[in-house]
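Reproduced below: start_13.csv, with CSV, C-alpha atoms.
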```
chain,number,residue,atom,x,y,z
Y,1,MET,CA,32.9,0.8,30.6
Y,2,ASP,CA,29.4,-0.2,31.9
Y,3,ILE,CA,28.8,-1.5,35.4
Y,4,ALA,CA,28.2,-5.1,34.3
Y,5,SER,CA,31.6,-5.1,32.6
Y,6,ALA,CA,33.3,-3.3,35.5
Y,7,ARG,CA,32.1,-5.9,38.0
Y,8,LYS,CA,34.6,-8.3,36.4
Y,9,LEU,CA,37.4,-6.2,37.9
Y,10,TRP,CA,36.5,-7.3,41.4
Y,11,ASP,CA,36.7,-10.7,43.1
Y,12,ALA,CA,33.8,-10.2,45.6
Y,13,ASP,CA,32.4,-13.4,47.1
Y,14,PRO,CA,28.6,-13.5,46.8
Y,15,GLY,CA,26.6,-11.7,49.6
Y,16,TRP,CA,28.9,-8.8,50.5
Y,17,LEU,CA,26.5,-6.0,51.6
Y,18,ASN,CA,28.9,-4.2,53.9
Y,19,THR,CA,30.8,-1.5,52.0
Y,20,ALA,CA,29.7,1.0,54.6
Y,21,SER,CA,32.1,-0.9,56.9
Y,22,TYR,CA,34.9,-1.4,54.3
Y,23,GLY,CA,35.0,-1.6,50.6
Y,24,LEU,CA,36.5,-4.3,48.4
Y,25,PRO,CA,39.5,-3.5,46.2
Y,26,PRO,CA,39.4,-3.7,42.4
Y,27,ARG,CA,41.8,-6.2,41.1
Y,28,ARG,CA,44.2,-3.6,39.7
Y,29,ALA,CA,44.5,-2.0,43.2
Y,30,PHE,CA,45.1,-5.4,44.9
Y,31,GLU,CA,47.7,-6.4,42.4
Y,32,GLU,CA,49.6,-3.1,42.6
Y,33,LEU,CA,49.7,-3.5,46.4
Y,34,GLN,CA,50.9,-7.1,46.2
Y,35,ALA,CA,53.7,-6.1,43.9
Y,36,VAL,CA,54.9,-3.4,46.3
Y,37,LEU,CA,54.6,-5.7,49.3
Y,38,THR,CA,56.9,-8.2,47.4
Y,39,GLU,CA,59.4,-5.4,46.8
Y,40,TRP,CA,59.3,-4.5,50.5
Y,41,ARG,CA,59.7,-8.1,51.6
Y,42,HIS,CA,62.9,-8.5,49.5
Y,43,GLY,CA,64.2,-5.0,49.6
Y,44,SER,CA,64.3,-5.0,45.8
Y,45,GLY,CA,63.0,-1.5,45.2
Y,46,ASP,CA,63.1,2.1,46.3
Y,47,TRP,CA,60.3,3.9,48.2
Y,48,LYS,CA,60.0,6.8,45.8
Y,49,PRO,CA,57.7,4.9,43.4
Y,50,TRP,CA,55.5,4.0,46.3
Y,51,ASP,CA,55.4,7.6,47.3
Y,52,ALA,CA,54.3,8.5,43.8
Y,53,SER,CA,51.0,6.8,44.6
Y,54,VAL,CA,50.3,9.5,47.1
Y,55,GLY,CA,50.4,12.1,44.4
Y,56,ARG,CA,48.3,9.9,42.1
Y,57,SER,CA,45.7,9.5,44.9
Y,58,ARG,CA,45.6,13.2,45.7
Y,59,VAL,CA,45.0,14.1,42.0
Y,60,ALA,CA,42.3,11.4,41.7
Y,61,PHE,CA,40.5,12.4,44.9
Y,62,ALA,CA,40.6,16.1,43.8
Y,63,ARG,CA,39.0,15.2,40.5
Y,64,LEU,CA,36.4,13.0,42.3
Y,65,VAL,CA,35.2,16.0,44.4
Y,66,GLY,CA,35.8,18.9,42.0
Y,67,ALA,CA,38.6,20.4,44.1
Y,68,PRO,CA,41.9,22.0,43.1
Y,69,VAL,CA,44.7,19.6,43.9
Y,70,SER,CA,46.5,22.3,45.9
Y,71,ASP,CA,43.6,22.4,48.3
Y,72,VAL,CA,43.8,18.6,49.1
Y,73,SER,CA,45.8,17.3,52.0
Y,74,VAL,CA,46.5,13.6,52.8
Y,75,GLY,CA,46.1,12.0,56.2
Y,76,SER,CA,45.3,8.8,58.0
Y,77,THR,CA,41.8,9.2,59.5
Y,78,VAL,CA,38.9,11.6,59.5
Y,79,SER,CA,39.3,12.3,63.2
Y,80,GLN,CA,42.9,13.3,62.7
Y,81,ILE,CA,42.0,15.7,59.9
Y,82,MET,CA,39.1,17.2,61.9
Y,83,SER,CA,41.2,17.6,65.0
Y,84,VAL,CA,43.6,19.8,63.1
Y,85,VAL,CA,40.7,21.7,61.5
Y,86,ALA,CA,39.5,22.4,65.1
Y,87,THR,CA,42.6,24.7,65.6
Y,88,ALA,CA,40.7,27.2,63.4
Y,89,LEU,CA,38.0,27.7,66.0
Y,90,PRO,CA,38.1,30.4,68.6
Y,91,PRO,CA,37.8,29.6,72.3
Y,92,GLY,CA,34.2,28.8,73.3
Y,93,ALA,CA,33.1,28.3,69.7
Y,94,ARG,CA,29.7,26.8,69.1
Y,95,VAL,CA,29.6,23.9,66.6
Y,96,VAL,CA,26.3,22.4,65.4
Y,97,VAL,CA,26.3,18.7,64.7
Y,98,PRO,CA,23.6,16.1,64.0
Y,99,GLU,CA,22.5,14.0,66.9
Y,100,ILE,CA,23.5,10.8,65.2
Y,101,GLU,CA,26.8,11.9,63.9
Y,102,PHE,CA,29.7,9.3,63.8
Y,103,THR,CA,32.1,10.3,66.6
Y,104,SER,CA,35.0,10.9,64.3
Y,105,ASN,CA,33.2,14.1,63.3
Y,106,LEU,CA,31.9,14.8,66.8
Y,107,PHE,CA,34.6,14.1,69.4
Y,108,PRO,CA,37.1,16.6,67.8
Y,109,TRP,CA,34.6,19.4,68.3
Y,110,ALA,CA,33.6,18.2,71.8
Y,111,VAL,CA,37.3,18.5,72.8
Y,112,ALA,CA,37.8,21.9,71.2
Y,113,ALA,CA,34.4,23.7,71.3
Y,114,ASP,CA,30.9,23.8,72.7
Y,115,VAL,CA,28.8,21.3,70.7
Y,116,GLU,CA,25.1,21.5,70.1
Y,117,THR,CA,23.4,18.4,68.6
Y,118,VAL,CA,20.2,18.6,66.6
Y,119,PRO,CA,18.1,16.3,64.4
Y,120,ALA,CA,19.9,15.7,61.1
Y,121,ASP,CA,17.1,17.2,59.1
Y,122,ARG,CA,17.0,20.4,61.2
Y,123,LEU,CA,20.7,21.2,60.8
Y,124,ALA,CA,20.3,24.3,58.6
Y,125,ASP,CA,17.6,25.7,60.9
Y,126,ALA,CA,19.9,25.5,63.9
Y,127,ILE,CA,22.6,27.7,62.3
Y,128,THR,CA,22.6,31.2,63.8
Y,129,ARG,CA,24.9,34.2,64.1
Y,130,ASP,CA,26.3,32.6,67.3
Y,131,THR,CA,27.4,29.5,65.4
Y,132,ALA,CA,31.1,29.1,64.5
Y,133,ALA,CA,30.9,26.0,62.4
Y,134,VAL,CA,28.4,23.3,61.3
Y,135,ALA,CA,29.8,19.8,61.0
Y,136,PHE,CA,27.9,16.9,59.4
Y,137,SER,CA,28.2,13.8,57.3
Y,138,LEU,CA,27.0,14.0,53.7
Y,139,VAL,CA,25.6,10.5,54.2
Y,140,GLN,CA,24.9,9.3,57.7
Y,141,SER,CA,26.6,6.1,58.7
Y,142,ALA,CA,23.9,4.5,60.7
Y,143,THR,CA,20.8,5.4,58.7
Y,144,GLY,CA,22.0,6.3,55.1
Y,145,TYR,CA,20.3,9.7,55.4
Y,146,VAL,CA,21.6,12.0,52.6
Y,147,ALA,CA,22.1,15.5,53.8
Y,148,PRO,CA,21.0,18.5,51.7
Y,149,PRO,CA,24.3,20.4,51.5
Y,150,ALA,CA,22.9,23.3,49.5
Y,151,ASP,CA,20.5,24.2,52.3
Y,152,ILE,CA,23.2,23.9,54.9
Y,153,VAL,CA,25.7,25.9,52.9
Y,154,ALA,CA,23.1,28.7,52.3
Y,155,ALA,CA,22.3,28.9,56.0
Y,156,ALA,CA,25.9,28.9,57.0
Y,157,ARG,CA,27.0,31.5,54.5
Y,158,ALA,CA,24.2,33.9,55.7
Y,159,HIS,CA,26.1,34.0,59.1
Y,160,ASP,CA,29.7,33.4,57.9
Y,161,VAL,CA,29.8,29.9,59.5
Y,162,LEU,CA,32.4,27.3,58.6
Y,163,VAL,CA,30.9,24.3,56.7
Y,164,ILE,CA,32.6,21.0,57.6
Y,165,ALA,CA,31.6,17.8,55.9
Y,166,ASP,CA,32.5,14.2,56.4
Y,167,GLY,CA,32.3,12.4,53.0
Y,168,SER,CA,33.4,8.9,54.1
Y,169,GLN,CA,29.9,7.4,53.4
Y,170,ALA,CA,29.4,9.4,50.3
Y,171,CYS,CA,32.5,9.9,48.2
Y,172,GLY,CA,32.7,7.0,45.7
Y,173,TRP,CA,29.0,6.5,45.2
Y,174,LEU,CA,27.4,9.9,45.6
Y,175,PRO,CA,28.4,12.8,43.3
Y,176,VAL,CA,30.2,15.2,45.6
Y,177,ASP,CA,31.4,18.8,44.9
Y,178,VAL,CA,33.3,20.9,47.4
Y,179,GLU,CA,31.6,24.1,46.2
Y,180,GLY,CA,30.5,26.0,49.4
Y,181,LEU,CA,32.4,23.7,51.8
Y,182,ASP,CA,35.3,24.7,53.9
Y,183,VAL,CA,36.3,21.1,54.8
Y,184,LEU,CA,35.5,17.8,53.2
Y,185,ALA,CA,37.3,14.9,55.0
Y,186,CYS,CA,37.0,11.4,53.7
Y,187,ALA,CA,38.3,8.0,54.9
Y,188,ALA,CA,39.2,6.1,51.8
Y,189,TYR,CA,38.7,2.5,53.1
Y,190,LYS,CA,34.9,2.5,52.5
Y,191,TRP,CA,33.4,3.6,49.2
Y,192,LEU,CA,36.8,4.5,47.7
Y,193,MET,CA,37.8,0.9,48.3
Y,194,ALA,CA,41.4,1.6,49.5
Y,195,PRO,CA,43.3,0.0,52.4
Y,196,ARG,CA,42.6,1.6,55.8
Y,197,GLY,CA,45.2,4.2,56.5
Y,198,ALA,CA,44.5,6.6,53.7
Y,199,ALA,CA,42.3,9.7,54.1
Y,200,PHE,CA,41.9,13.0,52.3
Y,201,GLY,CA,41.0,16.5,53.4
Y,202,TYR,CA,39.8,19.3,51.2
Y,203,LEU,CA,40.8,22.5,53.1
Y,204,SER,CA,39.5,25.8,51.7
Y,205,PRO,CA,42.0,28.6,51.5
Y,206,ARG,CA,40.0,30.8,53.9
Y,207,LEU,CA,40.0,28.0,56.4
Y,208,ARG,CA,43.8,27.3,56.1
Y,209,GLU,CA,44.5,30.9,57.1
Y,210,ARG,CA,43.0,30.1,60.5
Y,211,MET,CA,44.5,26.6,61.1
Y,212,ARG,CA,47.6,25.5,62.8
Y,213,PRO,CA,49.6,22.6,61.4
Y,214,LEU,CA,49.8,20.7,64.7
Y,215,ALA,CA,51.3,17.6,63.0
Y,216,ALA,CA,53.9,19.6,60.9
Y,217,ASN,CA,56.4,17.2,59.4
Y,218,TRP,CA,58.9,16.7,56.6
Y,219,TYR,CA,56.2,15.6,54.2
Y,220,GLY,CA,54.5,19.0,54.4
Y,221,GLY,CA,57.7,20.8,53.6
Y,222,ALA,CA,57.8,23.6,51.0
Y,223,ASP,CA,60.6,21.8,49.1
Y,224,GLU,CA,59.4,18.2,48.5
Y,225,GLY,CA,62.2,15.9,49.4
Y,226,GLY,CA,64.4,18.8,50.7
Y,227,SER,CA,62.9,19.3,54.2
Y,228,TYR,CA,64.5,16.4,56.0
Y,229,TYR,CA,66.8,18.2,58.5
Y,230,GLY,CA,67.1,21.3,60.5
Y,231,PRO,CA,65.4,24.7,60.8
Y,232,PRO,CA,63.9,27.0,59.8
Y,233,LEU,CA,60.2,25.9,59.6
Y,234,ARG,CA,59.4,25.7,55.9
Y,235,LEU,CA,56.0,24.4,55.1
Y,236,ALA,CA,54.2,24.3,51.8
Y,237,ASP,CA,52.0,27.3,51.1
Y,238,ASP,CA,49.0,25.2,50.1
Y,239,ALA,CA,47.1,22.3,51.7
Y,240,ARG,CA,50.2,20.1,51.7
Y,241,ALA,CA,51.3,21.9,54.8
Y,242,PHE,CA,48.7,19.8,56.7
Y,243,ASP,CA,49.8,16.5,55.2
Y,244,LEU,CA,50.7,13.6,57.4
Y,245,SER,CA,53.7,11.6,56.4
Y,246,PRO,CA,51.8,8.9,54.5
Y,247,ALA,CA,51.3,5.2,55.0
Y,248,TRP,CA,52.7,4.4,51.6
Y,249,PHE,CA,51.0,1.0,51.1
Y,250,SER,CA,47.6,2.4,51.8
Y,251,TYR,CA,48.1,4.9,49.0
Y,252,VAL,CA,49.5,2.3,46.6
Y,253,GLY,CA,46.1,0.6,46.9
Y,254,ALA,CA,44.1,3.9,46.9
Y,255,ALA,CA,45.4,5.4,43.7
Y,256,PRO,CA,44.2,2.7,41.2
Y,257,ALA,CA,40.9,2.3,43.1
Y,258,ILE,CA,40.0,6.0,43.0
Y,259,GLU,CA,41.2,6.3,39.4
Y,260,LEU,CA,38.8,3.5,38.5
Y,261,LEU,CA,35.9,5.3,40.2
Y,262,ASN,CA,36.7,8.4,38.1
Y,263,GLU,CA,36.9,6.2,35.0
Y,264,LEU,CA,33.5,4.6,35.6
Y,265,GLY,CA,31.8,7.9,36.7
Y,266,VAL,CA,30.2,8.4,40.1
Y,267,ALA,CA,26.8,9.4,38.7
Y,268,ARG,CA,26.6,6.0,36.9
Y,269,ILE,CA,27.7,4.2,40.1
Y,270,ARG,CA,25.1,6.1,42.1
Y,271,ASP,CA,22.3,5.0,39.8
Y,272,HIS,CA,23.5,1.4,40.1
Y,273,ASP,CA,23.9,1.4,43.9
Y,274,VAL,CA,20.6,3.2,44.6
Y,275,ALA,CA,18.7,0.9,42.2
Y,276,LEU,CA,20.0,-2.2,44.2
Y,277,ALA,CA,19.2,-0.5,47.5
Y,278,ASN,CA,15.7,0.2,46.3
Y,279,ARG,CA,15.3,-3.4,45.1
Y,280,PHE,CA,16.2,-4.4,48.6
Y,281,ARG,CA,13.8,-1.9,50.1
Y,282,THR,CA,10.9,-2.9,47.8
Y,283,GLY,CA,11.4,-6.6,48.7
Y,284,LEU,CA,11.0,-5.6,52.4
Y,285,GLY,CA,7.9,-3.6,51.7
Y,286,LEU,CA,9.6,-0.2,52.1
Y,287,GLU,CA,9.3,2.9,50.0
Y,288,PRO,CA,12.2,3.7,47.6
Y,289,SER,CA,14.9,6.2,48.8
Y,290,ASP,CA,17.9,8.1,47.4
Y,291,THR,CA,20.7,6.3,49.3
Y,292,ALA,CA,23.0,3.3,48.9
Y,293,ILE,CA,22.7,2.5,52.6
Y,294,VAL,CA,19.6,0.8,54.0
Y,295,SER,CA,18.9,0.5,57.7
Y,296,VAL,CA,16.0,-1.8,58.7
Y,297,ASP,CA,14.6,-3.7,61.6
Y,298,ALA,CA,15.4,-7.2,60.6
Y,299,PRO,CA,16.8,-10.4,62.0
Y,300,GLY,CA,20.5,-10.1,61.2
Y,301,GLU,CA,21.2,-13.6,62.3
Y,302,ARG,CA,19.2,-14.9,59.3
Y,303,LEU,CA,21.5,-12.9,57.0
Y,304,ALA,CA,24.6,-14.3,58.7
Y,305,ALA,CA,23.2,-17.9,58.4
Y,306,ALA,CA,22.7,-17.4,54.7
Y,307,GLY,CA,26.3,-16.1,54.2
Y,308,ILE,CA,25.2,-12.5,53.7
Y,309,ARG,CA,27.6,-10.1,55.3
Y,310,ALA,CA,26.0,-6.9,56.5
Y,311,ALA,CA,26.4,-4.8,59.7
Y,312,VAL,CA,24.3,-3.9,62.7
Y,313,ARG,CA,24.3,-0.2,63.6
Y,314,ALA,CA,22.2,1.6,66.2
Y,315,GLY,CA,20.3,-1.6,66.7
Y,316,LYS,CA,19.3,-2.2,63.1
Y,317,VAL,CA,20.6,-4.2,60.2
Y,318,ARG,CA,22.6,-1.9,57.8
Y,319,ALA,CA,23.0,-3.1,54.3
Y,320,SER,CA,25.1,-1.2,51.7
Y,321,PHE,CA,25.4,-1.6,48.0
Y,322,HIS,CA,28.3,-0.7,45.7
Y,323,VAL,CA,29.5,-1.2,42.2
Y,324,TYR,CA,30.5,-4.8,42.7
Y,325,THR,CA,27.1,-5.7,44.2
Y,326,THR,CA,24.7,-7.7,42.1
Y,327,GLU,CA,20.9,-8.3,41.9
Y,328,ASP,CA,21.7,-11.8,43.0
Y,329,ASP,CA,23.3,-10.5,46.2
Y,330,VAL,CA,20.2,-8.5,46.9
Y,331,ASP,CA,17.8,-11.4,46.2
Y,332,ARG,CA,19.9,-13.8,48.4
Y,333,ALA,CA,19.5,-11.3,51.2
Y,334,LEU,CA,15.7,-11.0,50.6
Y,335,ASP,CA,15.3,-14.8,50.5
Y,336,ALA,CA,17.0,-14.9,53.9
Y,337,LEU,CA,14.8,-12.2,55.5
Y,338,THR,CA,11.4,-13.0,53.9
```
Translate the structure described by the file into structure tokens.
Amino acid sequence: MDIASARKLWDADPGWLNTASYGLPPRRAFEELQAVLTEWRHGSGDWKPWDASVGRSRVAFARLVGAPVSDVSVGSTVSQIMSVVATALPPGARVVVPEIEFTSNLFPWAVAADVETVPADRLADAITRDTAAVAFSLVQSATGYVAPPADIVAAARAHDVLVIADGSQACGWLPVDVEGLDVLACAAYKWLMAPRGAAFGYLSPRLRERMRPLAANWYGGADEGGSYYGPPLRLADDARAFDLSPAWFSYVGAAPAIELLNELGVARIRDHDVALANRFRTGLGLEPSDTAIVSVDAPGERLAAAGIRAAVRAGKVRASFHVYTTEDDVDRALDALT
């Protein structure tokens, strides 16, 4: 399926340039969710088919990022996943983080460790033998800056440093692979186009050995469906031990959305998204870049008046372009700004 054909699977109103805030569901995801909500309303079905969506989502996300399914946990938010990861750090640990990092990947380290912030493009240089972990976004939320994970991983491995990545602004449009990472956390409501309340965490085996499952619950039990009552503690021996009991409806919407991304191919989506972002940049007299997020000094009120929905972050207009975005959307925004 090409991108032009795929766009027919969405019902996006013209002018949506705000996927970096939240993504729009493909029709198949919306319809599956509506069917389940109807069952819930009338009590006409069992929860187990809803729960099967969690397994579908886990498999689809693992495929998306090249991870073994057994290394993927499910959660609710990035900050929740990162806060449990923080249990792997020793007291007084030094964690290096970009200066502009979104706080879901900053506050958990500030609570549990000593944080050093550095310019995003100097992250690899800041890693030393005194560093316990480096935490960063694969794509920065405010600016769209695309991190060089290979450079960061190489510097971290030279000092046996944990590599912790937030993929919330990357997974779904940027090809991502967990090779070399210890953690990849991703909120699914942006570029994965799922309802808010679904999140995924790739947790490497070497990291899990150091972590404590602070939110241990029945869903992380070794015997799925058989860990409802009573001792002893019996958690799964893989990443499922760190699962949160899932918000089912969020995963009902997540499964078909992520499966569609895999069907389309993220490399193809990247080419489409970046081409539209560069069309926008060129129209504003900017050099082309490698990201689907564009941050510019521009009068955001003009966009709003023209019915263009974007965001303002760090004092600048942030426009973001995804599979359902069209050239007409871009040109409408440029007409409003120029």
Could you make a table, as CSV, of the residues of stretch 224-270 of chain Y that have an atom within 12 Å of an atom of stretch 37-48 of chain Y, each with its nearest atom pair and distance in Å to one decimal, counting only C-alpha atoms, in chain and number order?
```
residue,atom,partner,partner_atom,distance
Y:Glu224,CA,Y:Lys48,CA,11.7
Y:Gly225,CA,Y:Lys48,CA,10.0
Y:Pro246,CA,Y:Trp47,CA,11.7
Y:Ala247,CA,Y:Trp47,CA,11.4
Y:Trp248,CA,Y:Trp47,CA,8.3
Y:Phe249,CA,Y:Leu37,CA,7.8
Y:Ser250,CA,Y:Leu37,CA,11.0
Y:Val252,CA,Y:Leu37,CA,9.9
Y:Gly253,CA,Y:Leu37,CA,10.8
```
**Message:** So that I can check the surroundings of Y:Glu209, please list as a list in words every protein, DNA and RNA residue that reaches within 12 Å of it, counting all atoms listed in the file and ignoring chain neighbours fewer than 2 positions away.
**Reply:**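 My reading of the contact set: Val85, Thr87, Ala88, Leu89, Asp182, Leu203, Ser204, Pro205, Arg206, Leu207, Met211, Arg212, Pro213, Asp237, Asp238, Ala239, Ala241 and Phe242 of chain Y.
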Export, as an mmCIF file, in the frame of the given file, the selected residues with C-alpha atoms.
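Printed below is again33.cif as written:
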```cif
data_model
loop_
_atom_site.group_PDB
_atom_site.id
_atom_site.type_symbol
_atom_site.label_atom_id
_atom_site.label_comp_id
_atom_site.auth_asym_id
_atom_site.auth_seq_id
_atom_site.Cartn_x
_atom_site.Cartn_y
_atom_site.Cartn_z
ATOM 1 C CA VAL Y 85 40.700 21.700 61.500
ATOM 2 C CA THR Y 87 42.600 24.700 65.600
ATOM 3 C CA ALA Y 88 40.700 27.200 63.400
ATOM 4 C CA LEU Y 89 38.000 27.700 66.000
ATOM 5 C CA ASP Y 182 35.300 24.700 53.900
ATOM 6 C CA LEU Y 203 40.800 22.500 53.100
ATOM 7 C CA SER Y 204 39.500 25.800 51.700
ATOM 8 C CA PRO Y 205 42.000 28.600 51.500
ATOM 9 C CA ARG Y 206 40.000 30.800 53.900
ATOM 10 C CA LEU Y 207 40.000 28.000 56.400
ATOM 11 C CA MET Y 211 44.500 26.600 61.100
ATOM 12 C CA ARG Y 212 47.600 25.500 62.800
ATOM 13 C CA PRO Y 213 49.600 22.600 61.400
ATOM 14 C CA ASP Y 237 52.000 27.300 51.100
ATOM 15 C CA ASP Y 238 49.000 25.200 50.100
ATOM 16 C CA ALA Y 239 47.100 22.300 51.700
ATOM 17 C CA ALA Y 241 51.300 21.900 54.800
ATOM 18 C CA PHE Y 242 48.700 19.800 56.700
#
```
**Message:** So that I can see what lies close to Y:Leu106, please list as a list in words the residues with an atom at most 8 Å from it, counting all atoms listed in the file and leaving out residues fewer than 4 positions away in the same chain.
**Reply:**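 After dropping sequence-adjacent residues, the list is Val97, Glu101, Phe102, Ala110 and Ala135 of chain Y.
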**Prompt:** Closest to Y:Gly230 among Y:Ala333, Y:Leu17, Y:Gly66, Y:Trp218, using only C-alpha atoms?
**Reply:**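 When distances to Y:Gly230 are compared using only C-alpha atoms, the smallest one comes from Y:Trp218.
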**Message:** As an exercise, work out the distance from atom CA of Y:Pro14 to atom CA of Y:Asp335 in Å and give it to one decimal place.
**Reply:**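 Taking atom CA of Y:Pro14 as the start and atom CA of Y:Asp335 as the end point, the length is 13.9 Å.
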What are the closest atom pairs, with distances in Å to one decimal, for each residue of stretch 208-324 of chain Y lying within 12 Å of stretch 191-196 of chain Y, using all atoms listed in the file, rows by chain and rising residue number, as a tab-separated table?
```
residue	atom	partner	partner_atom	distance
Y:Pro246	CA	Y:Arg196	CA	11.8
Y:Ala247	CA	Y:Arg196	CA	9.4
Y:Trp248	CA	Y:Pro195	CA	10.4
Y:Phe249	CA	Y:Pro195	CA	7.9
Y:Ser250	CA	Y:Pro195	CA	5.0
Y:Tyr251	CA	Y:Ala194	CA	7.5
Y:Val252	CA	Y:Ala194	CA	8.6
Y:Gly253	CA	Y:Ala194	CA	5.5
Y:Ala254	CA	Y:Ala194	CA	4.4
Y:Ala255	CA	Y:Ala194	CA	8.0
Y:Pro256	CA	Y:Ala194	CA	8.8
Y:Ala257	CA	Y:Met193	CA	6.2
Y:Ile258	CA	Y:Leu192	CA	5.9
Y:Glu259	CA	Y:Leu192	CA	9.6
Y:Leu260	CA	Y:Leu192	CA	9.5
Y:Leu261	CA	Y:Leu192	CA	7.6
Y:Asn262	CA	Y:Leu192	CA	10.4
Y:Val266	CA	Y:Trp191	CA	10.8
Y:Ile269	CA	Y:Trp191	CA	10.8
Y:Arg270	CA	Y:Trp191	CA	11.2
Y:Asp273	CA	Y:Trp191	CA	11.1
Y:Ala292	CA	Y:Trp191	CA	10.4
Y:Ile293	CA	Y:Trp191	CA	11.3
Y:Ser320	CA	Y:Trp191	CA	9.9
Y:Phe321	CA	Y:Trp191	CA	9.6
Y:His322	CA	Y:Trp191	CA	7.5
Y:Val323	CA	Y:Trp191	CA	9.3
Y:Tyr324	CA	Y:Met193	CA	10.8
```
**Asked** Taking (19.5, 0.1, 59.7) in the file's coordinates, which residues come within 9 Å, counting only C-alpha atoms, written as a ChimeraX atom specification?
**Response** /Y:142-144,293-298,311-319
**Neighbour list for Y:Val176 as a ChimeraX atom specification, cut-off 12 Å, only C-alpha atoms, skip fewer than 5 positions in-chain** = /Y:61-67,137-139,146-150,165-171,181,184-186,202,265-267,270
Output C-alpha atoms for every residue in that selection, as a PDB file, keeping the file's coordinate frame.
```pdb
ATOM      1  CA  PHE Y  61      40.500  12.400  44.900  1.00  0.00           C
ATOM      2  CA  ALA Y  62      40.600  16.100  43.800  1.00  0.00           C
ATOM      3  CA  ARG Y  63      39.000  15.200  40.500  1.00  0.00           C
ATOM      4  CA  LEU Y  64      36.400  13.000  42.300  1.00  0.00           C
ATOM      5  CA  VAL Y  65      35.200  16.000  44.400  1.00  0.00           C
ATOM      6  CA  GLY Y  66      35.800  18.900  42.000  1.00  0.00           C
ATOM      7  CA  ALA Y  67      38.600  20.400  44.100  1.00  0.00           C
ATOM      8  CA  SER Y 137      28.200  13.800  57.300  1.00  0.00           C
ATOM      9  CA  LEU Y 138      27.000  14.000  53.700  1.00  0.00           C
ATOM     10  CA  VAL Y 139      25.600  10.500  54.200  1.00  0.00           C
ATOM     11  CA  VAL Y 146      21.600  12.000  52.600  1.00  0.00           C
ATOM     12  CA  ALA Y 147      22.100  15.500  53.800  1.00  0.00           C
ATOM     13  CA  PRO Y 148      21.000  18.500  51.700  1.00  0.00           C
ATOM     14  CA  PRO Y 149      24.300  20.400  51.500  1.00  0.00           C
ATOM     15  CA  ALA Y 150      22.900  23.300  49.500  1.00  0.00           C
ATOM     16  CA  ALA Y 165      31.600  17.800  55.900  1.00  0.00           C
ATOM     17  CA  ASP Y 166      32.500  14.200  56.400  1.00  0.00           C
ATOM     18  CA  GLY Y 167      32.300  12.400  53.000  1.00  0.00           C
ATOM     19  CA  SER Y 168      33.400   8.900  54.100  1.00  0.00           C
ATOM     20  CA  GLN Y 169      29.900   7.400  53.400  1.00  0.00           C
ATOM     21  CA  ALA Y 170      29.400   9.400  50.300  1.00  0.00           C
ATOM     22  CA  CYS Y 171      32.500   9.900  48.200  1.00  0.00           C
ATOM     23  CA  LEU Y 181      32.400  23.700  51.800  1.00  0.00           C
ATOM     24  CA  LEU Y 184      35.500  17.800  53.200  1.00  0.00           C
ATOM     25  CA  ALA Y 185      37.300  14.900  55.000  1.00  0.00           C
ATOM     26  CA  CYS Y 186      37.000  11.400  53.700  1.00  0.00           C
ATOM     27  CA  TYR Y 202      39.800  19.300  51.200  1.00  0.00           C
ATOM     28  CA  GLY Y 265      31.800   7.900  36.700  1.00  0.00           C
ATOM     29  CA  VAL Y 266      30.200   8.400  40.100  1.00  0.00           C
ATOM     30  CA  ALA Y 267      26.800   9.400  38.700  1.00  0.00           C
ATOM     31  CA  ARG Y 270      25.100   6.100  42.100  1.00  0.00           C
TER      32      ARG Y 270
END
```
**Prompt:** What lies within 9 Å of Y:Thr326 using only C-alpha atoms, ignoring chain neighbours under 6 positions off, as a PyMOL selection string?
**Reply:** chain Y and resi 4+7+14-15+276
**Closest of Y:Asp125, Y:Asp290, Y:Asp177, Y:Asp2 to Y:Ala158 - atom-to-atom distances counting all atoms listed in the file** =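 The shortest atom-to-atom distance to Y:Ala158 comes from Y:Asp125.
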**Item:** Pick from Y:Ile164, Y:Ile100, Y:Ala12, Y:Arg27 nearest to Y:Ser83, counting all atoms listed in the file
**Value:**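 The shortest atom-to-atom distance to Y:Ser83 comes from Y:Ile164.
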**Asked** What is the distance between atom CA of Y:Ala306 and atom CA of Y:Arg332, in Å to one decimal?
**Response** 7.8 Å
**Asked** Using all atoms listed in the file, which of the listed residues (Y:Asn18, Y:Thr77, Y:Thr325, Y:Gln140) sits closest to Y:Pro119?
**Response**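 Nearest candidate to Y:Pro119 out of Y:Asn18, Y:Thr77, Y:Thr325, Y:Gln140: Y:Gln140.
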All residues 7 Å or closer to stretch 278-282 of chain Y, all atoms listed in the file, same chain fewer than 6 positions away omitted, as a compact mmCIF listing (two decimals) with C-alpha atoms, keeping the file's coordinate frame:
```txt
# COMPACT_ATOMS: atom_id res chain seq x y z
CA PRO Y 288 12.20 3.70 47.60
CA SER Y 289 14.90 6.20 48.80
CA VAL Y 330 20.20 -8.50 46.90
CA LEU Y 334 15.70 -11.00 50.60
```
**Request:** Work out how far atom CA of Y:Ala236 is from atom CA of Y:Tyr219, in Å to one decimal.
**Result:**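 Those two atoms sit 9.2 Å apart.
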**Request:** Rank nothing, just name the residue among Y:Pro175, Y:Val74, Y:Arg309, Y:Val96 nearest to Y:Ser245, using all atoms listed in the file.
**Result:** Y:Val74
